[in-house]
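**Student:** Take a look at this one; I'll ask things after.
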Amino acid sequence: MGNNVILAYLLFVGALLSAQESEKATIGRVLDNWHLAASNADYEGYFSLMTDDSVFLGTDATENWQNQEFKDFSKPYFDRDKAWSFTAVERNIYLDDKGQFAWFDELLDTQMKLCRGSGVLRNVDGNWKIAHYVLSIAVPNENVKALVQLKKQKDSLLLIDFKRKSVPKGN
């Protein structure tokens, strides 16, 4: 009987891992389809893969877009033949124990060269949707000093403005 228990446990663990890999593949397809929709200027397809309360953080310090703001900002780009084109060249996906949330990071080939995307997906009625996305430009360490110098003046002005605003403290 001991061997049967061990075999049943191994089959259960194998099935669980297989299910997780299947969910990760599904999430990967959602992200790929999201990027493809932007590349094809498919506005409805793109935003249908995001939650109604989604957030998109762009590469500029001022780009903290709530869903409707991001839709409004993006619409003129989608009205052209092509919005933007991001292709994942590396991606890591992680799942919570209950299958309700996933988080990921991805390295992207873009018109800005290498970028990093990361975010959170939420399972909404059995469908994975992007709830939060962060896009950043990947900067080689040896170029950071030059980049800091390039953006120093604008960042200094932005910091003054941001510090004037009250940043809410976490509870």
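Labels for the structure tokens follow display order: chains A, B, ..., residues from 1 in each chain, ligands from 1.
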Distance table requested - range 22-102 of chain A against range 125-137 of chain A, cut-off 12 Å, only C-alpha atoms: one row per qualifying residue with the closest atom pair and its distance in Å to one decimal, ordered by chain and rising residue number, as a tab-separated table.

**Tutor:**
residue	atom	partner	partner_atom	distance
A:Glu23	CA	A:Trp128	CA	9.3
A:Lys24	CA	A:Trp128	CA	10.3
A:Ala25	CA	A:Trp128	CA	11.3
A:Thr26	CA	A:Trp128	CA	8.1
A:Ile27	CA	A:Trp128	CA	6.5
A:Gly28	CA	A:Trp128	CA	10.0
A:Arg29	CA	A:Trp128	CA	9.9
A:Val30	CA	A:Trp128	CA	7.1
A:Leu31	CA	A:Ile130	CA	8.1
A:Asp32	CA	A:Ile130	CA	11.7
A:Asn33	CA	A:Lys129	CA	11.3
A:Trp34	CA	A:Ile130	CA	9.0
A:His35	CA	A:Ile130	CA	11.6
A:Gly45	CA	A:Lys129	CA	11.8
A:Tyr46	CA	A:Ile130	CA	10.2
A:Phe47	CA	A:Ile130	CA	9.2
A:Ser48	CA	A:Lys129	CA	8.0
A:Leu49	CA	A:Lys129	CA	5.1
A:Met50	CA	A:Ile130	CA	4.4
A:Thr51	CA	A:Ala131	CA	5.3
A:Asp52	CA	A:Ala131	CA	8.1
A:Asp53	CA	A:Ala131	CA	6.8
A:Ser54	CA	A:Ala131	CA	4.3
A:Val55	CA	A:His132	CA	4.8
A:Phe56	CA	A:Tyr133	CA	4.9
A:Leu57	CA	A:Val134	CA	4.7
A:Gly58	CA	A:Leu135	CA	5.1
A:Thr59	CA	A:Ser136	CA	5.0
A:Asp60	CA	A:Ser136	CA	8.5
A:Ala61	CA	A:Ser136	CA	10.1
A:Glu63	CA	A:Val134	CA	9.9
A:Asn64	CA	A:Val134	CA	9.2
A:Trp65	CA	A:Tyr133	CA	9.9
A:Gln66	CA	A:His132	CA	9.4
A:Asn67	CA	A:Ala131	CA	9.2
A:Phe70	CA	A:Tyr133	CA	11.4
A:Phe86	CA	A:Leu135	CA	10.6
A:Leu95	CA	A:Trp128	CA	11.5
A:Gly99	CA	A:Gly126	CA	9.8
A:Gln100	CA	A:Trp128	CA	8.7
A:Phe101	CA	A:Trp128	CA	8.5
A:Ala102	CA	A:Trp128	CA	8.6

**Student:** Among the residues of range 2-171 of chain A, find those DSSP assigns to helix (DSSP H, G or I) from the backbone and print them as number ranges by chain.

**Tutor:** A: 2-39, 43-48, 67-78, 141-164

**Student:** Considering only C-alpha atoms, state which residue in the set A:Asp81, A:Ser39, A:Lys113, A:Ala88 is at the smallest distance from Ala138 in chain A.

**Tutor:**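 Looking at the shortest contact to Ala138 in chain A, the residue is A:Lys113.
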